[in-house]
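Participant: Provided herewith is a single structure, encoded as structure tokens, for subsequent inquiry.
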Amino acid sequence: MKHILTLFIATLLFTSCRSDKNSKSVDAVIEEGNLTNMKLKRDEVLKSYDSIGKILGKLEVAISEKDTLKRLPLVTTFKVKDTVFKHFLDIQGDVDTKENLIIYPEFSGTLTNVYVKEGQNVSKGQILAKIDDGGLSSQLAQLQTQYELAKTTFERQKRLWDQKIGSEIQYLQAKANMEGLESSVKQMQAQVGKTTVRAPFNGTIDEIITDQGQVVSPGGSQLMRIVSLKNMYVKASVPESYLSSIKAGTLVNVTFPSLGKTTEGKVRQVGNFINPNNRTFEVEIAVQNKEQQIKPNLVANLEINDYSNANAIVIPDNVLQENAKGEKFVYVIDSVDNSEGKVIKTQVNTGLSYKGFIEVLNGLEAGKTIVKDGAITMRDGLTVKIQSLHN
């Protein structure tokens, strides 16, 4: 036994010394940042791992032959079963709303009245402010008077014309005069209407930007901001590699760190444009905001469900091992008798992983039991003692 342990220690020391002399440390390679060198270092470490595993296996055989007490390696296990596996893409987005608007005037003049206050709820069409019309109301009143006279004249002329009294030219002149004044009245009404500022939708006055008494002009003066918190959504940029797996209706878990709140939403719109600068496309996720706590520009963490399998074989990713060839494997317990079992090295192919679990595409079946804790010291055919079962 003493000779065996001496051999093992000498081998480890030799391997360590050779690594120190002939190759850089892992930290040095990572700091260097060269991808090729990092891959070579990984292969080197895996080969060392395989070599140490073989040595440990020989030691286990030698120890089992000499140890009359049969001190078997203790392991815990994991029971493989069919389960629902969902993979999520984790990205960050910002809250926005279609109804977040700065109101500008449509008429130049003095802002004579502001009828609302910050924080006030308003309805669509409600009058918010008034701009001095510069005498347009008086002009409108005159035009309306002229129009009423022209309308009366036309109606009389029409009655005479219907009775074949008078000339056709008088009838047509009266009609043209009435219609011209009617058009002028409508144009003036539209101009006067621009002096009244109304709410474009139901919402809340978030900010009064211009106080009454100031001179305002179209496109140059911001009057106030109106916001509605009912039609809220989160927008985010998604890498183009996920274009085929994210569609309208895709499930999304939305978390607002500032609020300590998580809600469920769905993708309602997928952008049709790939941004050439960062190779991403835009998505919109509708969110409920009944309590109106969610505000525009709030940061949201998104978990977008880009893959689901209702009958997946899923195992903890820390039980998965890999050899120098890149082959992945686990140790399956062949049979259990009095808390003892024989392990079989089983190669597997894996898919996506998420939050500590990975999907096994083939190589494992539901109902199998695999080594969980203690797998690193295993070898094919070794007998182990099961400490506990994990489901």
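Chain labels run A, B, ... following the order of the structure tokens; each chain numbers its residues from 1, and ligands are numbered from 1 in the order shown.
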Give me, as a Markdown table, the closest atom pair and its distance (Å, one decimal) for every residue of region 297-324 of chain A within a cut-off of 12 Å of region 279-290 of chain A, counting only C-alpha atoms, rows sorted by chain and rising number.

Facilitator:
```
| residue | atom | partner | partner_atom | distance |
| --- | --- | --- | --- | --- |
| A:Ala300 | CA | A:Ile285 | CA | 10.7 |
| A:Asn301 | CA | A:Ile285 | CA | 11.6 |
| A:Leu302 | CA | A:Ile285 | CA | 9.4 |
| A:Glu303 | CA | A:Ile285 | CA | 11.1 |
| A:Ile304 | CA | A:Ile285 | CA | 9.8 |
```

Participant: What does the file look like for those residues with N, CA and C atoms, as a PDB file, in the first residue's frame?

Facilitator:
```
ATOM      1  N   ALA A 300     -35.950  46.515 -17.426  1.00  0.00           N
ATOM      2  CA  ALA A 300     -36.599  45.213 -17.250  1.00  0.00           C
ATOM      3  C   ALA A 300     -35.649  44.098 -17.677  1.00  0.00           C
ATOM      4  N   ASN A 301     -35.566  43.050 -16.862  1.00  0.00           N
ATOM      5  CA  ASN A 301     -34.796  41.857 -17.219  1.00  0.00           C
ATOM      6  C   ASN A 301     -35.738  40.831 -17.832  1.00  0.00           C
ATOM      7  N   LEU A 302     -35.380  40.352 -19.004  1.00  0.00           N
ATOM      8  CA  LEU A 302     -36.264  39.461 -19.764  1.00  0.00           C
ATOM      9  C   LEU A 302     -35.696  38.055 -19.841  1.00  0.00           C
ATOM     10  N   GLU A 303     -36.579  37.076 -19.646  1.00  0.00           N
ATOM     11  CA  GLU A 303     -36.253  35.668 -19.898  1.00  0.00           C
ATOM     12  C   GLU A 303     -37.202  35.208 -21.002  1.00  0.00           C
ATOM     13  N   ILE A 304     -36.675  35.155 -22.232  1.00  0.00           N
ATOM     14  CA  ILE A 304     -37.495  34.817 -23.399  1.00  0.00           C
ATOM     15  C   ILE A 304     -37.367  33.328 -23.682  1.00  0.00           C
TER      16      ILE A 304
END
```

Participant: Which residues in region 163-388 of chain A does DSSP call strand (DSSP E or B)? List them as a ChimeraX atom specification.

Facilitator: /A:196-198,203-208,215-216,224-227,232-239,251-256,261-270,275,280-286,299-316,321-322,328-337,340-354,357-362,369-371,383-388

Participant: Excluding Pro73 (chain A) and its own-chain neighbours fewer than 6 positions away, which residues fall within 8 Å of it when counting only C-alpha atoms? Please give them as a VMD selection string.

Facilitator: chain A and resid 374 383 to 385

Participant: Would you mind exporting N, CA and C atoms of the selected residues as a compact mmCIF listing (two decimals), in the first residue's frame?

Facilitator:
```txt
# COMPACT_ATOMS: atom_id res chain seq x y z
N GLY A 374 -19.43 12.86 -6.24
CA GLY A 374 -18.39 11.83 -6.20
C GLY A 374 -18.05 11.29 -7.57
N THR A 383 -17.37 -0.48 -7.99
CA THR A 383 -18.47 -0.67 -7.06
C THR A 383 -18.46 0.47 -6.05
N VAL A 384 -19.62 1.07 -5.82
CA VAL A 384 -19.71 2.22 -4.93
C VAL A 384 -20.80 1.98 -3.89
N LYS A 385 -20.72 2.77 -2.84
CA LYS A 385 -21.76 2.74 -1.80
C LYS A 385 -22.59 4.00 -1.96
```

Participant: Select from region 49-165 of chain A every residue with an atom at most 10 Å from any atom of region 249-268 of chain A, then for each give the shortest pair of atoms and their distance in Å to one decimal, using only C-alpha atoms, rows by chain and rising number, as a tab-separated table.

Facilitator:
```
residue	atom	partner	partner_atom	distance
A:Phe88	CA	A:Val252	CA	8.4
A:Leu89	CA	A:Val252	CA	9.2
A:Asp90	CA	A:Asn253	CA	9.6
A:Gln92	CA	A:Val254	CA	9.5
A:Gly93	CA	A:Val254	CA	9.4
A:Asp94	CA	A:Phe256	CA	9.8
A:Val95	CA	A:Phe256	CA	9.6
```

Participant: Could those residues be written to a file, using C-alpha atoms, as a compact mmCIF listing (two decimals), in the first residue's frame?

Facilitator:
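File written: result.txt
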```txt
# COMPACT_ATOMS: atom_id res chain seq x y z
CA PHE A 88 -34.64 31.05 -21.85
CA LEU A 89 -32.65 33.84 -23.44
CA ASP A 90 -31.65 36.37 -20.76
CA GLN A 92 -32.26 43.44 -20.74
CA GLY A 93 -34.90 45.80 -22.09
CA ASP A 94 -36.56 49.16 -21.41
CA VAL A 95 -40.18 49.97 -20.70
```

Participant: With distances taken over only C-alpha atoms, which of A:Lys39, A:Lys24, A:Lys81, A:Lys342 is nearest to Glu365 (chain A)?

Facilitator: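 Checking each of A:Lys39, A:Lys24, A:Lys81, A:Lys342 against Glu365 (chain A), counting only C-alpha atoms, the winner is A:Lys81.
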
Participant: From the set A:Ile127, A:Leu149, A:Ala324, A:Ala366, which residue has the shortest atom-to-atom contact distance to Phe201 (chain A), counting only C-alpha atoms?

Facilitator: A:Ile127

Participant: Would you please work out which residue, of A:Lys186, A:Lys235, A:Lys117, A:Lys345, is nearest to Leu298 (chain A) when using only C-alpha atoms?

Facilitator: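 That would be A:Lys235, the residue with the smallest distance to Leu298 (chain A).
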
Participant: Measuring atom to atom with only C-alpha atoms, identify which of A:Leu223, A:Met188, A:Val197, A:Met178 is nearest to Gln142 (chain A).

Facilitator: A:Met188

Participant: If we count only C-alpha atoms, what is near Ser339 (chain A) at a cut-off of 12 Å, once residues fewer than 4 positions away on the same chain are taken out, given as a PDB file with N, CA and C atoms, in the first residue's frame?

Facilitator:
```
ATOM      1  N   LEU A  72     -15.905   1.212   0.348  1.00  0.00           N
ATOM      2  CA  LEU A  72     -16.315   1.623  -0.996  1.00  0.00           C
ATOM      3  C   LEU A  72     -16.487   3.140  -1.065  1.00  0.00           C
ATOM      4  N   PRO A  73     -16.222   3.723  -2.231  1.00  0.00           N
ATOM      5  CA  PRO A  73     -16.426   5.164  -2.396  1.00  0.00           C
ATOM      6  C   PRO A  73     -17.897   5.536  -2.152  1.00  0.00           C
ATOM      7  N   LEU A  74     -18.104   6.597  -1.390  1.00  0.00           N
ATOM      8  CA  LEU A  74     -19.466   7.070  -1.127  1.00  0.00           C
ATOM      9  C   LEU A  74     -19.908   8.013  -2.236  1.00  0.00           C
ATOM     10  N   VAL A  75     -21.128   7.823  -2.734  1.00  0.00           N
ATOM     11  CA  VAL A  75     -21.665   8.694  -3.783  1.00  0.00           C
ATOM     12  C   VAL A  75     -23.125   9.014  -3.475  1.00  0.00           C
ATOM     13  N   THR A  76     -23.579  10.107  -4.041  1.00  0.00           N
ATOM     14  CA  THR A  76     -25.016  10.390  -4.078  1.00  0.00           C
ATOM     15  C   THR A  76     -25.467  10.229  -5.518  1.00  0.00           C
ATOM     16  N   THR A  77     -26.737  10.036  -5.718  1.00  0.00           N
ATOM     17  CA  THR A  77     -27.236   9.735  -7.063  1.00  0.00           C
ATOM     18  C   THR A  77     -28.357  10.681  -7.472  1.00  0.00           C
ATOM     19  N   ILE A 333     -25.527   4.004 -12.506  1.00  0.00           N
ATOM     20  CA  ILE A 333     -25.538   2.895 -11.544  1.00  0.00           C
ATOM     21  C   ILE A 333     -26.284   1.728 -12.183  1.00  0.00           C
ATOM     22  N   SER A 335     -26.898  -1.483 -11.009  1.00  0.00           N
ATOM     23  CA  SER A 335     -27.850  -2.149 -10.118  1.00  0.00           C
ATOM     24  C   SER A 335     -27.500  -1.780  -8.690  1.00  0.00           C
ATOM     25  N   THR A 383     -17.366  -0.485  -7.995  1.00  0.00           N
ATOM     26  CA  THR A 383     -18.475  -0.671  -7.061  1.00  0.00           C
ATOM     27  C   THR A 383     -18.459   0.469  -6.048  1.00  0.00           C
ATOM     28  N   VAL A 384     -19.621   1.067  -5.815  1.00  0.00           N
ATOM     29  CA  VAL A 384     -19.709   2.220  -4.925  1.00  0.00           C
ATOM     30  C   VAL A 384     -20.796   1.985  -3.886  1.00  0.00           C
ATOM     31  N   LYS A 385     -20.716   2.769  -2.837  1.00  0.00           N
ATOM     32  CA  LYS A 385     -21.756   2.742  -1.800  1.00  0.00           C
ATOM     33  C   LYS A 385     -22.586   4.003  -1.956  1.00  0.00           C
ATOM     34  N   ILE A 386     -23.892   3.817  -2.054  1.00  0.00           N
ATOM     35  CA  ILE A 386     -24.802   4.950  -2.259  1.00  0.00           C
ATOM     36  C   ILE A 386     -25.168   5.552  -0.921  1.00  0.00           C
ATOM     37  N   GLN A 387     -24.829   6.836  -0.779  1.00  0.00           N
ATOM     38  CA  GLN A 387     -25.108   7.536   0.462  1.00  0.00           C
ATOM     39  C   GLN A 387     -26.543   8.018   0.533  1.00  0.00           C
ATOM     40  N   SER A 388     -27.031   8.593  -0.572  1.00  0.00           N
ATOM     41  CA  SER A 388     -28.425   9.063  -0.615  1.00  0.00           C
ATOM     42  C   SER A 388     -28.867   9.180  -2.060  1.00  0.00           C
ATOM     43  N   LEU A 389     -30.187   9.151  -2.220  1.00  0.00           N
ATOM     44  CA  LEU A 389     -30.811   9.256  -3.537  1.00  0.00           C
ATOM     45  C   LEU A 389     -31.376  10.654  -3.712  1.00  0.00           C
TER      46      LEU A 389
END
```
